[in-house]
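Working notes, beginning with the structure itself.
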Amino acid sequence: MSEVFEGYERQYCEISASLSRKCTTAAALEGEKKKQKVNEVKSGLDDAESLIRKMDLEARSLQPSVRAGLLAKLREYKSDLNNLKSELKRISTVGPKPGAREDLLESGMADTLVASQDQRSRLLMTTERLGQSTDRIRESRRTMLETEELGVSILQDLNQQRQSLLHAHNNLHGVDDNIGKSKRILSAMSKRMDRNKWIIGGIIVALIIAILIILYFKFFH
């Protein structure tokens, strides 16, 4: 439901109810007072017709799913406006006669007024229900926005946790590289120590042989 359409709708229902009361009052008046009241009704009808045009433009600018329902309501308002025009025309053509008030109440005009008032009452009730529905839609929209904000907050937290995990993974990868380098260094040192052991062992063996040779030549020659 369009909020702009609702605003025009409320204004029209208020004007329509006021015009209905003025028509009833004007029908019971005579002379200048009647003429003044009729002029007030004519001015009100112009305002009501302007609101009908605005509602029509607003309804046709909306989506088709919403437009159809609003145009159906608009047809009821146009019918109501035509009834008001008919009432004004009949009131304007009735001359001041003795006992005119009693005749008016007994004529078909009274039935038309009652029917029009019933129609306006139904329209007002429909407007009130639409207002309640709009309030519920606004509340649902507010809840949806709060849920959306909560979802965005959760996504941001998850993204921060993901970044932290990626950072920790990179740190672990760096530690693995350092451990690999340390292993290679220790392996090289181990090989070097083994080599040194063989060299030292060779030197010791050579020294022992040299000592044995020296002792041999010393004692046997």
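Ordering of the structure tokens sets the chain letters (A, B, ...); residue numbers start at 1 within each chain; ligands are numbered from 1 in the order shown.
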
Write out as a PDB file with all heavy atoms, in the first residue's frame the residues lying within 8 Å of A:Leu81, counting only C-alpha atoms and excluding same-chain residues fewer than 3 positions away.
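Contents of the output file part_10.pdb:
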```pdb
ATOM      1  N   SER A  16     -15.779  13.617   2.137  1.00  0.00           N
ATOM      2  CA  SER A  16     -17.029  12.981   1.737  1.00  0.00           C
ATOM      3  C   SER A  16     -18.041  12.967   2.877  1.00  0.00           C
ATOM      4  O   SER A  16     -19.225  13.274   2.688  1.00  0.00           O
ATOM      5  CB  SER A  16     -16.753  11.561   1.250  1.00  0.00           C
ATOM      6  OG  SER A  16     -17.945  10.889   0.922  1.00  0.00           O
ATOM      7  N   LEU A  45     -16.863  19.529  -3.348  1.00  0.00           N
ATOM      8  CA  LEU A  45     -16.852  18.543  -4.433  1.00  0.00           C
ATOM      9  C   LEU A  45     -15.634  18.734  -5.333  1.00  0.00           C
ATOM     10  O   LEU A  45     -15.053  17.763  -5.821  1.00  0.00           O
ATOM     11  CB  LEU A  45     -18.138  18.659  -5.258  1.00  0.00           C
ATOM     12  CG  LEU A  45     -19.402  18.097  -4.605  1.00  0.00           C
ATOM     13  CD1 LEU A  45     -20.626  18.408  -5.466  1.00  0.00           C
ATOM     14  CD2 LEU A  45     -19.273  16.590  -4.389  1.00  0.00           C
ATOM     15  N   ALA A  48     -12.795  17.200  -3.496  1.00  0.00           N
ATOM     16  CA  ALA A  48     -12.900  15.738  -3.528  1.00  0.00           C
ATOM     17  C   ALA A  48     -12.519  15.206  -4.895  1.00  0.00           C
ATOM     18  O   ALA A  48     -11.826  14.178  -5.018  1.00  0.00           O
ATOM     19  CB  ALA A  48     -14.327  15.317  -3.171  1.00  0.00           C
ATOM     20  N   GLU A  49     -12.946  15.905  -5.961  1.00  0.00           N
ATOM     21  CA  GLU A  49     -12.611  15.464  -7.317  1.00  0.00           C
ATOM     22  C   GLU A  49     -11.102  15.560  -7.562  1.00  0.00           C
ATOM     23  O   GLU A  49     -10.508  14.700  -8.214  1.00  0.00           O
ATOM     24  CB  GLU A  49     -13.373  16.310  -8.337  1.00  0.00           C
ATOM     25  CG  GLU A  49     -13.407  15.702  -9.718  1.00  0.00           C
ATOM     26  CD  GLU A  49     -14.478  16.312 -10.593  1.00  0.00           C
ATOM     27  OE1 GLU A  49     -15.091  17.327 -10.179  1.00  0.00           O
ATOM     28  OE2 GLU A  49     -14.714  15.778 -11.688  1.00  0.00           O
ATOM     29  N   TYR A  77     -14.922   5.086  -4.777  1.00  0.00           N
ATOM     30  CA  TYR A  77     -14.875   6.509  -4.415  1.00  0.00           C
ATOM     31  C   TYR A  77     -15.497   7.374  -5.514  1.00  0.00           C
ATOM     32  O   TYR A  77     -16.175   8.367  -5.228  1.00  0.00           O
ATOM     33  CB  TYR A  77     -13.430   6.943  -4.160  1.00  0.00           C
ATOM     34  CG  TYR A  77     -12.809   6.295  -2.953  1.00  0.00           C
ATOM     35  CD1 TYR A  77     -11.482   5.892  -2.960  1.00  0.00           C
ATOM     36  CD2 TYR A  77     -13.553   6.086  -1.798  1.00  0.00           C
ATOM     37  CE1 TYR A  77     -10.899   5.296  -1.852  1.00  0.00           C
ATOM     38  CE2 TYR A  77     -12.986   5.488  -0.684  1.00  0.00           C
ATOM     39  CZ  TYR A  77     -11.660   5.092  -0.712  1.00  0.00           C
ATOM     40  OH  TYR A  77     -11.093   4.500   0.391  1.00  0.00           O
ATOM     41  N   LYS A  78     -15.253   7.004  -6.779  1.00  0.00           N
ATOM     42  CA  LYS A  78     -15.861   7.758  -7.876  1.00  0.00           C
ATOM     43  C   LYS A  78     -17.385   7.634  -7.845  1.00  0.00           C
ATOM     44  O   LYS A  78     -18.107   8.599  -8.111  1.00  0.00           O
ATOM     45  CB  LYS A  78     -15.313   7.259  -9.217  1.00  0.00           C
ATOM     46  CG  LYS A  78     -13.861   7.649  -9.459  1.00  0.00           C
ATOM     47  CD  LYS A  78     -13.359   7.102 -10.789  1.00  0.00           C
ATOM     48  CE  LYS A  78     -11.904   7.494 -11.023  1.00  0.00           C
ATOM     49  NZ  LYS A  78     -11.364   6.941 -12.300  1.00  0.00           N
ATOM     50  N   LEU A  84     -22.788  12.123  -4.508  1.00  0.00           N
ATOM     51  CA  LEU A  84     -22.803  13.456  -3.887  1.00  0.00           C
ATOM     52  C   LEU A  84     -23.205  14.527  -4.894  1.00  0.00           C
ATOM     53  O   LEU A  84     -23.954  15.456  -4.570  1.00  0.00           O
ATOM     54  CB  LEU A  84     -21.407  13.765  -3.315  1.00  0.00           C
ATOM     55  CG  LEU A  84     -21.010  13.006  -2.046  1.00  0.00           C
ATOM     56  CD1 LEU A  84     -19.543  13.252  -1.730  1.00  0.00           C
ATOM     57  CD2 LEU A  84     -21.866  13.439  -0.870  1.00  0.00           C
ATOM     58  N   LYS A  85     -22.702  14.397  -6.119  1.00  0.00           N
ATOM     59  CA  LYS A  85     -23.078  15.361  -7.160  1.00  0.00           C
ATOM     60  C   LYS A  85     -24.581  15.299  -7.446  1.00  0.00           C
ATOM     61  O   LYS A  85     -25.241  16.329  -7.642  1.00  0.00           O
ATOM     62  CB  LYS A  85     -22.281  15.093  -8.435  1.00  0.00           C
ATOM     63  CG  LYS A  85     -20.800  15.439  -8.322  1.00  0.00           C
ATOM     64  CD  LYS A  85     -20.067  15.139  -9.633  1.00  0.00           C
ATOM     65  CE  LYS A  85     -18.603  15.503  -9.530  1.00  0.00           C
ATOM     66  NZ  LYS A  85     -17.849  15.201 -10.778  1.00  0.00           N
TER      67      LYS A  85
END
```

Need the shell around A:Glu40: protein/DNA/RNA residues with any atom at most 10 Å away, counting only C-alpha atoms. Skip same-chain ones fewer than 5 positions apart. Format as a ChimeraX atom specification?
/A:19,22-23,26,34-35,45

Interatomic distance between atom CA of A:Cys13 and atom CA of A:Leu57?
17.8 Å

Any idea what's packed within 12 Å of A:Ile52, counting only C-alpha atoms, ignoring anything in its chain fewer than 4 positions away? Could you give it as a PyMOL selection string?
chain A and resi 5-13+15-16+45-48+56-59+70-71+73-82

Coordinates-based distance that separates atom CA of A:Ile179 from atom CA of A:Asp194 (Å, one decimal):
22.3 Å

Nearest to A:Thr25: which of A:Ser187, A:Gln156, A:Gly180, A:Lys37 is it, counting only C-alpha atoms?
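Using only C-alpha atoms, A:Thr25 sits closest to A:Lys37.
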
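The gap separating atom CA of A:Ala17 from atom CA of A:Ala68 is 25.3 Å, in Å to one decimal.
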